[in-house]
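Chemist: Take this structure first; my questions come after.
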Amino acid sequence: MKRYNLLTVVKMMLGAFVAFASLSAPVSANNLNSWATAGAACVPVGQTSSAHLVFNSAGDAGFAAGTVGEIILTCPVVPTIDSAAALTITYRDTDGTGTGATIIAALRRKSVATGSVVTIGSINTNTGPVVTGYGMMGTPLNSCRSLAFDFTNYVYYVQINIRRTSTVQQPLFGAASLNFGVIC
């Protein structure tokens with residue numbers, strides 16, 4: 001059995017502590033007040049036909065060529081966030097306040113015990129301008145005060161409804177986020 005002197009043992013323990021601390025630093029540096037997801041990470045609901053929905057290589061969700069109707073996506077909010085003050089989306093709405101293209105995003109809370117669902121906040125792109133590239137739109141949650149998430153009693157998700165009544169319009173859902181952004 002090899003023997004180490006006290007100084008060597010202290011150096012080894014210090015080295016192990018530094019290695020352990022550096023591994024755990026990213027965990028403690030996580031921002032628990034922000035969550036984001038790309039459109040392609042959301043799940044289409046049963047009534048959304050795969051013939052209507054297209055995910056592009058940028059992770060966006062939109063309509064397949066030549067189709068109209070409604071696409072409904074569910075974006076689960078994972079329990080890595082403890083609070084937020086705003087819901088924000090990245091989107092394209094090629095007719096602004098018109099009804100040919102619309103995206104509605106709603107943060108929803110579902111009771112684990114009863115199954116009841118409550119909408120906490122929502123965004124409707126028909127209240128905004130024409131966006132032909134990428135735009136951002138947001139809404140405050142809880143009057144811009146910190147909204148605490150309770151993952152013990154509830155599950156949370158953002159429901160996205162993308163509607164198109166004309167193939168001339170090109171609505172696109174890029175991303176959703178919960179944060180303490182510039183809205184509040």
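Letters A, B, ... go to the chains of the structure tokens in the order shown; residues in each chain start at 1; ligands are counted from 1 in the same order.
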Counting only C-alpha atoms, which residues of range 80-170 of chain A fall within 7 Å of range 55-75 of chain A, and what is the closest atom pair for each with its distance in Å at one decimal, ordered by chain and rising number, as a tab-separated table?
Modeler:
residue	atom	partner	partner_atom	distance
A:Tyr157	CA	A:Cys75	CA	5.4
A:Val158	CA	A:Cys75	CA	5.0
A:Gln159	CA	A:Thr74	CA	4.7
A:Ile160	CA	A:Leu73	CA	5.0
A:Asn161	CA	A:Ile72	CA	4.6
A:Ile162	CA	A:Ile71	CA	5.0
A:Arg163	CA	A:Glu70	CA	4.4
A:Arg164	CA	A:Val68	CA	5.2
A:Thr165	CA	A:Val68	CA	5.5
A:Ser166	CA	A:Val68	CA	6.2
A:Thr167	CA	A:Gly66	CA	5.8
Chemist: Just the residues within 10 Å of Ile123 in chain A, please, counting only C-alpha atoms, with nothing from its chain fewer than 2 positions along; format it as a PyMOL selection string.
Modeler: chain A and resi 87-89+103-107+121+125-128+137-140+160
Chemist: When you count only C-alpha atoms, which of these residues is closest to Ala148 in chain A: A:Thr132, A:Asn179, A:Gln47, A:Thr99?
Modeler: A:Asn179
Chemist: Rank nothing, just name the residue among A:Met136, A:Val155, A:Val77, A:Leu147 nearest to Val43 in chain A, using only C-alpha atoms.
Modeler: A:Val77
Chemist: With distances taken over only C-alpha atoms, which residue among A:Phe173, A:Thr37, A:Gly96, A:Asn153 lies nearest Ser116 in chain A?
Modeler: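 Closest residue, counting only C-alpha atoms: A:Asn153.
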Chemist: With only C-alpha atoms as the basis for distance, which of A:Ile81, A:Ala86, A:Ala40, A:Val112 is at the shortest distance from Thr152 in chain A?
Modeler: A:Val112
Chemist: For a quick check of understanding, using only C-alpha atoms, which of A:Arg109, A:Asp95, A:Val168, A:Phe151 has the smallest distance to Gly133 in chain A?
Modeler: A:Asp95
Chemist: How far is it from CA of Ala85 in chain A to CA of Asn33 in chain A, in Å with one decimal?
Modeler: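 CA of Ala85 in chain A sits 8.6 Å away from CA of Asn33 in chain A.
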Chemist: Which is closer to Gln170 in chain A than all the others in A:Gly100, A:Gly46, A:Gly39, A:Pro76, using only C-alpha atoms?
Modeler: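 Comparing A:Gly100, A:Gly46, A:Gly39, A:Pro76 against Gln170 in chain A, the winner is A:Gly100.
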